[in-house]
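Q: Sharing a structure below in C-alpha cells format, with a few things to ask.
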Number of protein chains: 2
Amino acid sequence: MPTPSPILTPIGRIATPWASIVDCPRNGRQPDPAPVCTVTVFEPFVAGLQGLEGFSHLVLLYWLDQARAPQLVFTPPFDTTPRGVFATRGPRRPNPIGMSVVAFDGFDGPNRLKVRFLDCVDGTPLLDIKPYLTTTDAEPGASMGWLAPHATRNPNTE
Amino acid sequence: MPTPSPILTPIGRIATPWASIVDCPRNGRQPDPAPVCTVTVFEPFVAGLQGLEGFSHLVLLYWLDQARAPQLVFTPPFDTTPRGVFATRGPRRPNPIGMSVVAFDGFDGPNRLKVRFLDCVDGTPLLDIKPYLTTTDAEPGASMGWLAPHATRNPNTE
C-alpha cells in the first residue's frame, strides 16, 4: 500500500462562537464558562468515531487556515521579549496545525460532537480526533518556562 | 499574505531506537527507563527554538510516514472489539499525524533536542514543536473510555 503523502485531508469542520482571529480567546480555558462548540465530521469519516463514547476528553488537531505566513520569532502580545514560535502556541507556525485538549460532552447526532475548551475561529478545518489518555498525555507538574508568569488558571492542577 | 495551503513541510527529523514499526513500543511511556531520543531541527527553522529552555515537557507533532493506508475501523491488538480509529491512537488515520507529550531534557547542540517518551520509528519527519502547558493540556482526572482496562501506568497521575 502506498505511503500517504504529506498532504492533509480535512475530515470535518469546527463551529465556534468566534468569527475571526481577533475575536478568539487567548486559550480555550480562558472563557468562564467555556462555550460548547460543535465538531462536525464529514460523512466518509464517520465510521471512525465508533468507540469514542466514554472518553471525557479528546485531543483535536485542526488546520489554522486563517493564520498569516509563518513567523519564526515574534514578541507575544502579553510579553516584551522575542520568542521562537516553537516556544509559543501562536498560530504562525511552519505547519499551522492547532492542538487542543477539549472536554467531550457527547454526541449531538451521529456525526456531531459537543466539546468545550476550543479557541479557534468558526469554520476551522478538522484534521484529527484522538482520545486523551491520562497515562501518556497528563503531566500536571510540568514547568512552563517563560510562560510560567503568564499562566492562566487550570483548576484541575491546583 | 496568502493562506498556507494544507501541505506539510517537515521541519526536522526524529531519531529513536526503533528501526521499524514492529520494533516500536505500545506507547512512549511503556519502556522503563524510557530511552533518550534526539530531535534534529532543520537549519531554516532553528530560530524558532528560542525560548524553549525552561519547559520541562513538549508536545511533538510528526508525520507517520510509514503508516499504511487509513483504516477507519479495526480491532486493536490488545482488544477483541472493533474500534473507530478516532477512538484509538493507532497510526492508520486519514491524516497520519502523531502526537506525543515528551519530557524535554535540554539541548544537545543548537538544533538538537533530547526528549523522552517517544514511540515512533527512527527517521520520522517532525512537523511541529509546542510547549506543553499544564494550564490547558493537563487533565489528570480524565476518563479513558474503552481504553481504561488496558491503561498503562503513569506515576504522575497516581
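Here's how to read the names in the C-alpha cells: chain A, B, ... by the order shown, residue numbers from 1 in each chain, ligand numbers from 1 in the order shown.
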If you run DSSP on this backbone, which residues of region 21-74 of chain B come out as helix (DSSP H, G or I), and could you give them as a ChimeraX atom specification?
A: /B:21-23,43-49
Q: Could you dump the residues just selected with N, CA and C atoms as a compact mmCIF listing (two decimals), in the first residue's frame?
A:
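Saved as part_33.txt:
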# COMPACT_ATOMS: atom_id res chain seq x y z
N ILE B 21 8.25 -0.30 12.38
CA ILE B 21 7.02 -0.22 13.18
C ILE B 21 6.91 -1.37 14.17
N VAL B 22 7.31 -2.56 13.78
CA VAL B 22 7.16 -3.71 14.69
C VAL B 22 8.06 -3.60 15.93
N ASP B 23 9.11 -2.78 15.83
CA ASP B 23 10.00 -2.60 16.98
C ASP B 23 9.48 -1.58 17.98
N GLU B 43 17.95 23.52 9.58
CA GLU B 43 18.53 24.86 9.74
C GLU B 43 17.54 26.02 9.53
N PRO B 44 16.68 25.97 8.49
CA PRO B 44 15.81 27.14 8.27
C PRO B 44 14.85 27.41 9.42
N PHE B 45 14.69 26.45 10.34
CA PHE B 45 13.66 26.59 11.38
C PHE B 45 14.27 26.77 12.79
N VAL B 46 15.60 26.77 12.88
CA VAL B 46 16.26 26.77 14.18
C VAL B 46 15.93 28.01 15.00
N ALA B 47 15.75 29.16 14.35
CA ALA B 47 15.44 30.39 15.09
C ALA B 47 14.17 30.25 15.91
N GLY B 48 13.26 29.39 15.47
CA GLY B 48 12.00 29.20 16.18
C GLY B 48 12.13 28.50 17.51
N LEU B 49 13.35 28.00 17.84
CA LEU B 49 13.55 27.28 19.11
C LEU B 49 13.84 28.22 20.28
Q: Please list as a PyMOL selection string every residue within 9 Å of Gly28 (chain B), counting only C-alpha atoms and excluding residues in the same chain fewer than 5 positions away.
A: (chain A and resi 136) or (chain B and resi 34+100-102+116-120)
Q: Name the residues of region 23-109 of chain B that fall into strand (DSSP E) according to DSSP on the backbone, using the chain letters and numbers of this document, as a list in words.
A: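 Of region 23-109 of chain B, only Cys37, Thr38, Val39, Thr40, Val41, His57, Leu58, Val59, Leu60, Leu61, Tyr62, Trp63, Val73, Phe74, Arg83, Gly84, Ile97, Gly98, Met99, Ser100, Val101, Val102, Ala103, Phe104, Asp105, Gly106 and Phe107 of chain B fall in strand (DSSP E).
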Q: Pick the closest to Leu60 (chain B) from A:Arg26, A:Arg92, A:Ile97, A:Ile129: which is it, counting only C-alpha atoms?
A: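 Ranking A:Arg26, A:Arg92, A:Ile97, A:Ile129 by distance to Leu60 (chain B), first place goes to A:Ile97.
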Q: Might you pull out every residue within 10 Å of Pro6 (chain B), with only C-alpha atoms counted and same-chain residues fewer than 5 positions away left off, and present them as a PyMOL selection string?
A: chain A and resi 6-10+63-65+95-97+125
Q: Can you spit out the residues from that selection as a PDB file, in the first residue's frame, using N, CA, C and O atoms?
A:
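So the final result, stored in out33.pdb, reads:
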ATOM      1  N   PRO A   6       2.496  13.843   2.361  1.00  0.00           N
ATOM      2  CA  PRO A   6       2.212  14.826   3.411  1.00  0.00           C
ATOM      3  C   PRO A   6       1.252  15.923   2.945  1.00  0.00           C
ATOM      4  O   PRO A   6       1.554  17.092   2.989  1.00  0.00           O
ATOM      5  N   ILE A   7       0.111  15.522   2.450  1.00  0.00           N
ATOM      6  CA  ILE A   7      -0.958  16.445   2.079  1.00  0.00           C
ATOM      7  C   ILE A   7      -2.132  16.109   2.986  1.00  0.00           C
ATOM      8  O   ILE A   7      -2.441  14.940   3.200  1.00  0.00           O
ATOM      9  N   LEU A   8      -2.767  17.135   3.500  1.00  0.00           N
ATOM     10  CA  LEU A   8      -3.804  16.918   4.502  1.00  0.00           C
ATOM     11  C   LEU A   8      -5.191  16.853   3.881  1.00  0.00           C
ATOM     12  O   LEU A   8      -5.466  17.498   2.873  1.00  0.00           O
ATOM     13  N   THR A   9      -6.055  16.078   4.516  1.00  0.00           N
ATOM     14  CA  THR A   9      -7.446  15.947   4.115  1.00  0.00           C
ATOM     15  C   THR A   9      -8.314  16.427   5.267  1.00  0.00           C
ATOM     16  O   THR A   9      -8.330  15.776   6.314  1.00  0.00           O
ATOM     17  N   PRO A  10      -9.031  17.533   5.119  1.00  0.00           N
ATOM     18  CA  PRO A  10      -9.949  17.905   6.207  1.00  0.00           C
ATOM     19  C   PRO A  10     -10.987  16.789   6.414  1.00  0.00           C
ATOM     20  O   PRO A  10     -11.565  16.292   5.451  1.00  0.00           O
ATOM     21  N   TRP A  63      -6.494  22.622  11.198  1.00  0.00           N
ATOM     22  CA  TRP A  63      -5.656  23.418  10.308  1.00  0.00           C
ATOM     23  C   TRP A  63      -5.979  24.887  10.505  1.00  0.00           C
ATOM     24  O   TRP A  63      -7.127  25.303  10.285  1.00  0.00           O
ATOM     25  N   LEU A  64      -4.992  25.653  10.915  1.00  0.00           N
ATOM     26  CA  LEU A  64      -5.193  27.075  11.200  1.00  0.00           C
ATOM     27  C   LEU A  64      -5.200  27.846   9.876  1.00  0.00           C
ATOM     28  O   LEU A  64      -4.247  28.541   9.526  1.00  0.00           O
ATOM     29  N   ASP A  65      -6.308  27.713   9.152  1.00  0.00           N
ATOM     30  CA  ASP A  65      -6.334  28.191   7.760  1.00  0.00           C
ATOM     31  C   ASP A  65      -6.367  29.708   7.650  1.00  0.00           C
ATOM     32  O   ASP A  65      -6.198  30.241   6.561  1.00  0.00           O
ATOM     33  N   ASN A  95       4.147  24.689  10.058  1.00  0.00           N
ATOM     34  CA  ASN A  95       2.972  23.855   9.774  1.00  0.00           C
ATOM     35  C   ASN A  95       1.870  24.300  10.736  1.00  0.00           C
ATOM     36  O   ASN A  95       1.877  23.918  11.907  1.00  0.00           O
ATOM     37  N   PRO A  96       0.926  25.129  10.241  1.00  0.00           N
ATOM     38  CA  PRO A  96      -0.050  25.727  11.162  1.00  0.00           C
ATOM     39  C   PRO A  96      -1.137  24.733  11.595  1.00  0.00           C
ATOM     40  O   PRO A  96      -2.289  24.842  11.203  1.00  0.00           O
ATOM     41  N   ILE A  97      -0.713  23.787  12.420  1.00  0.00           N
ATOM     42  CA  ILE A  97      -1.627  22.793  12.978  1.00  0.00           C
ATOM     43  C   ILE A  97      -1.905  23.187  14.422  1.00  0.00           C
ATOM     44  O   ILE A  97      -0.985  23.309  15.225  1.00  0.00           O
ATOM     45  N   PRO A 125     -10.988  23.951   9.672  1.00  0.00           N
ATOM     46  CA  PRO A 125     -10.981  22.559   9.202  1.00  0.00           C
ATOM     47  C   PRO A 125     -10.378  21.602  10.241  1.00  0.00           C
ATOM     48  O   PRO A 125      -9.299  21.857  10.772  1.00  0.00           O
TER      49      PRO A 125
END
Q: Mind checking which residues fall within 10 Å of Leu147 (chain B), counting only C-alpha atoms, ignoring those fewer than 3 positions away in the same chain, and posting them as a list in words?
A: Gly51, Gly54, Phe55, Pro131 and Leu133 of chain A; Phe78, Asp79, Ala87, Thr88, Ser143, Met144, His150, Ala151 and Thr152 of chain B
Q: May I ask which of the residues A:Leu126, A:Leu61, A:Cys24, A:Leu72 is the closest one to chain B, counting only C-alpha atoms?
A: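 The shortest atom-to-atom distance to chain B comes from A:Leu72.
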Q: Ranking A:Gln50, A:Thr124, A:Gln66, A:Gln71 by minimum distance to Trp146 (chain B) and counting only C-alpha atoms, which one comes first?
A: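 Distance minimum relative to Trp146 (chain B) lands on A:Gln50.
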Q: Take CA of Ser20 (chain A) and CA of Pro94 (chain B) and report the distance between them in Å, one decimal.
A: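 The value is 27.4 Å.
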Q: Which residues are near Asp105 (chain B)? Cut-off 9 Å, only C-alpha atoms, ignore same chain within fewer than 5 positions. Put them as a count of residues only.
A: 7
Q: Between A:Asp122, A:Asp108, A:Asp128, A:Asp32, which one has atoms that come closest to chain B, using only C-alpha atoms?
A: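 Comparing A:Asp122, A:Asp108, A:Asp128, A:Asp32 against chain B, the winner is A:Asp128.
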Q: How far is it from CA of Ala67 (chain B) to CA of Ile11 (chain A), in Å with one decimal?
A: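 Going from CA of Ala67 (chain B) over to CA of Ile11 (chain A), I get 17.9 Å.
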Q: Name the closest residue to Cys37 (chain B) among the candidates B:Gly145, B:Pro17, B:Gly109, B:Pro70; distances are taken between atoms, counting only C-alpha atoms.
A: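 Using only C-alpha atoms, Cys37 (chain B) sits closest to B:Pro17.
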Q: Please, what distance in Å, to one decimal, runs between CA of Thr134 (chain A) and CA of Ala103 (chain B)?
A: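 A separation of 15.0 Å between them.
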Q: At a cut-off of 10 Å, using only C-alpha atoms, what residues contact Phe107 (chain A)? Leave out same-chain residues fewer than 3 positions from it and give the result as a PyMOL selection string.
A: chain A and resi 38-39+52-53+104+110-115
Q: For each of A:Met99, A:Ala148, A:Val73, A:Val121, take the minimum atom-to-atom distance to chain B, counting only C-alpha atoms, then give the residue where this is smallest.
A: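 For chain B, the nearest of the candidates is A:Val73.
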